[in-house]
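Working notes, structure below.
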Amino acid sequence: QPTLDGPSAKACAGGQTAAGTKPMTSFVSTRVGTKKCSPAKASEISQLVADWVAENMRPVSIVHDSGFRRIMQYLEPDFTVPSRTHIVNTLKTRFGQCRKELQQLLETVDSVAVTTDGWTSKAVQSFVTYTVHFVDDDWNLVSCVLETSEFKGSHTAKRLADHAVA
């Protein structure tokens with residue numbers, strides 16, 4: 001059964017309720033199903049969490065956030081939230097799959113244009129991104145980021161070219 005902590009639990013401590021209402025612990029326990037989380041469903045949820053982290057640029061450490069864990073416990077009480085290490089490994093596997101798919105796609109393209117974009121963050125850390133562009137068979141412009149990495153030093157054409165082939 002899920003446990004409540006934080007301000008919500010303190011407000012409902014001792015079962016104190018307004019007239020005719022149930023304490024929060026009663027609400028949560030009636031909302032949570034008793035059905036066990038299957039290994040297949042647990043794997044799917046873990047994949048969805050990894051997708052969410054990547055797509056929304058969330059820190060991997062969010063899986064240790066108490067609010068995130070409470071939500072997961074409420075939605076799927078028998079689910080064990082994956083560790084940071086598990087999410088990182090899942091993302092590395094996904095990266096390998098995406099890289100392979102992109103390589104296969106680029107093998108089918110006759111010509112591409114490559115662009116670079118360099119910038120400096122507010123923390124005065126320089127980055128460069130390499131993007132490949134091409135037109136597919138349906139005349140749609142397709143753009144794929146090949147890499148974003150830290151770039152030390154000035155952003156001259158020679159240094160960007162040297163960095164690109166390194």
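Residues in the structure tokens are named by chain (A, B, ... in the order shown) and by number from 1 within that chain; ligands are numbered from 1 in the order shown.
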Practice item. Tell me, as a PyMOL selection string, which residues lie within 9 Å of Ile87 of chain A, counting only C-alpha atoms; anything in the same chain fewer than 2 positions away does not count. Key: chain A and resi 46-47+49-50+53+60+63+82-85+89-92
Exercise for review: Please provide as a ChimeraX atom specification all residues within 12 Å of Ala161 of chain A, with the sequence filter that same-chain residues fewer than 5 positions apart are discarded (counting only C-alpha atoms).
Suggested key: /A:114-116,128,130,151,155-156,166
Check your understanding: If you run DSSP on the backbone, which residues of segment 64-129 of chain A are strand (DSSP E or B), as a ChimeraX atom specification?
Key -> /A:113-120,126-129
Please produce a file of those selected residues containing N, CA and C atoms, as a compact mmCIF listing (two decimals), in the first residue's frame.
```txt
# COMPACT_ATOMS: atom_id res chain seq x y z
N ALA A 113 23.63 17.97 -47.09
CA ALA A 113 24.29 19.22 -46.69
C ALA A 113 24.53 19.12 -45.20
N VAL A 114 25.70 19.53 -44.76
CA VAL A 114 26.03 19.50 -43.34
C VAL A 114 26.19 20.93 -42.86
N THR A 115 25.53 21.25 -41.75
CA THR A 115 25.66 22.57 -41.15
C THR A 115 26.22 22.45 -39.75
N THR A 116 26.83 23.53 -39.29
CA THR A 116 27.32 23.58 -37.92
C THR A 116 26.70 24.79 -37.24
N ASP A 117 26.58 24.69 -35.95
CA ASP A 117 26.12 25.81 -35.14
C ASP A 117 26.93 25.81 -33.87
N GLY A 118 27.62 26.89 -33.61
CA GLY A 118 28.40 27.02 -32.39
C GLY A 118 27.83 28.09 -31.50
N TRP A 119 27.86 27.88 -30.21
CA TRP A 119 27.35 28.87 -29.28
C TRP A 119 28.04 28.71 -27.93
N THR A 120 27.86 29.71 -27.10
CA THR A 120 28.41 29.69 -25.75
C THR A 120 27.26 29.82 -24.77
N SER A 126 31.41 26.52 -24.31
CA SER A 126 31.16 26.53 -25.76
C SER A 126 30.75 25.15 -26.25
N PHE A 127 29.83 25.14 -27.23
CA PHE A 127 29.33 23.91 -27.83
C PHE A 127 29.27 24.08 -29.33
N VAL A 128 29.25 22.96 -30.04
CA VAL A 128 29.03 22.95 -31.47
C VAL A 128 28.12 21.77 -31.80
N THR A 129 27.18 22.00 -32.73
CA THR A 129 26.28 20.95 -33.19
C THR A 129 26.47 20.78 -34.70
```
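The residue that comes closest to Ala42 of chain A, out of A:His133, A:Thr108, A:Gln125, A:Asp78 and on the basis of only C-alpha atoms, is A:Asp78.
Within the 8 Å cut-off around Val112 of chain A, using only C-alpha atoms and omitting residues fewer than 3 positions from it on the same chain, the listed residues are Val109, Val132, His133 and Phe134 of chain A.
Note that the spacing between atom CA of Ser121 of chain A and atom CA of Leu160 of chain A amounts to 17.5 Å.
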Study note, to complete from the structure: note - atom CA of Arg94 of chain A and atom CA of Asp51 of chain A are separated by 9.1 Å
Practice item. Could you please write out, as a PyMOL selection string, every residue of segment 75-135 of chain A that DSSP assigns to alpha helix (DSSP H)? Key: chain A and resi 75+84-107
Practice item. Please identify all polymer residues within 12 Å of Cys98 of chain A, counting only C-alpha atoms, omitting same-chain residues fewer than 6 positions from it, and present them as an MDAnalysis selection string. Key: chainID A and resid 91:92 104:105 144:146
Keeping only N, CA and C atoms, write those residues as a PDB file, in the first residue's frame.
```
ATOM      1  N   LEU A  91      19.073   4.478 -22.135  1.00  0.00           N
ATOM      2  CA  LEU A  91      19.326   5.564 -23.080  1.00  0.00           C
ATOM      3  C   LEU A  91      20.513   5.251 -23.981  1.00  0.00           C
ATOM      4  N   LYS A  92      21.540   4.613 -23.446  1.00  0.00           N
ATOM      5  CA  LYS A  92      22.690   4.222 -24.271  1.00  0.00           C
ATOM      6  C   LYS A  92      22.272   3.202 -25.329  1.00  0.00           C
ATOM      7  N   GLN A 104      21.747   3.729 -41.573  1.00  0.00           N
ATOM      8  CA  GLN A 104      21.054   3.017 -42.644  1.00  0.00           C
ATOM      9  C   GLN A 104      20.274   3.987 -43.530  1.00  0.00           C
ATOM     10  N   LEU A 105      19.640   4.978 -42.920  1.00  0.00           N
ATOM     11  CA  LEU A 105      18.899   5.977 -43.689  1.00  0.00           C
ATOM     12  C   LEU A 105      19.841   6.784 -44.571  1.00  0.00           C
ATOM     13  N   CYS A 144      18.795  15.958 -39.388  1.00  0.00           N
ATOM     14  CA  CYS A 144      19.134  15.073 -38.286  1.00  0.00           C
ATOM     15  C   CYS A 144      20.393  15.588 -37.596  1.00  0.00           C
ATOM     16  N   VAL A 145      20.324  15.764 -36.302  1.00  0.00           N
ATOM     17  CA  VAL A 145      21.502  16.171 -35.539  1.00  0.00           C
ATOM     18  C   VAL A 145      22.433  14.977 -35.442  1.00  0.00           C
ATOM     19  N   LEU A 146      23.676  15.189 -35.853  1.00  0.00           N
ATOM     20  CA  LEU A 146      24.679  14.126 -35.780  1.00  0.00           C
ATOM     21  C   LEU A 146      25.392  14.137 -34.440  1.00  0.00           C
TER      22      LEU A 146
END
```
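Across A:Asp110, A:Glu55, A:Pro39, A:His163, the tightest approach to Glu150 of chain A is made by A:His163 when counting only C-alpha atoms.
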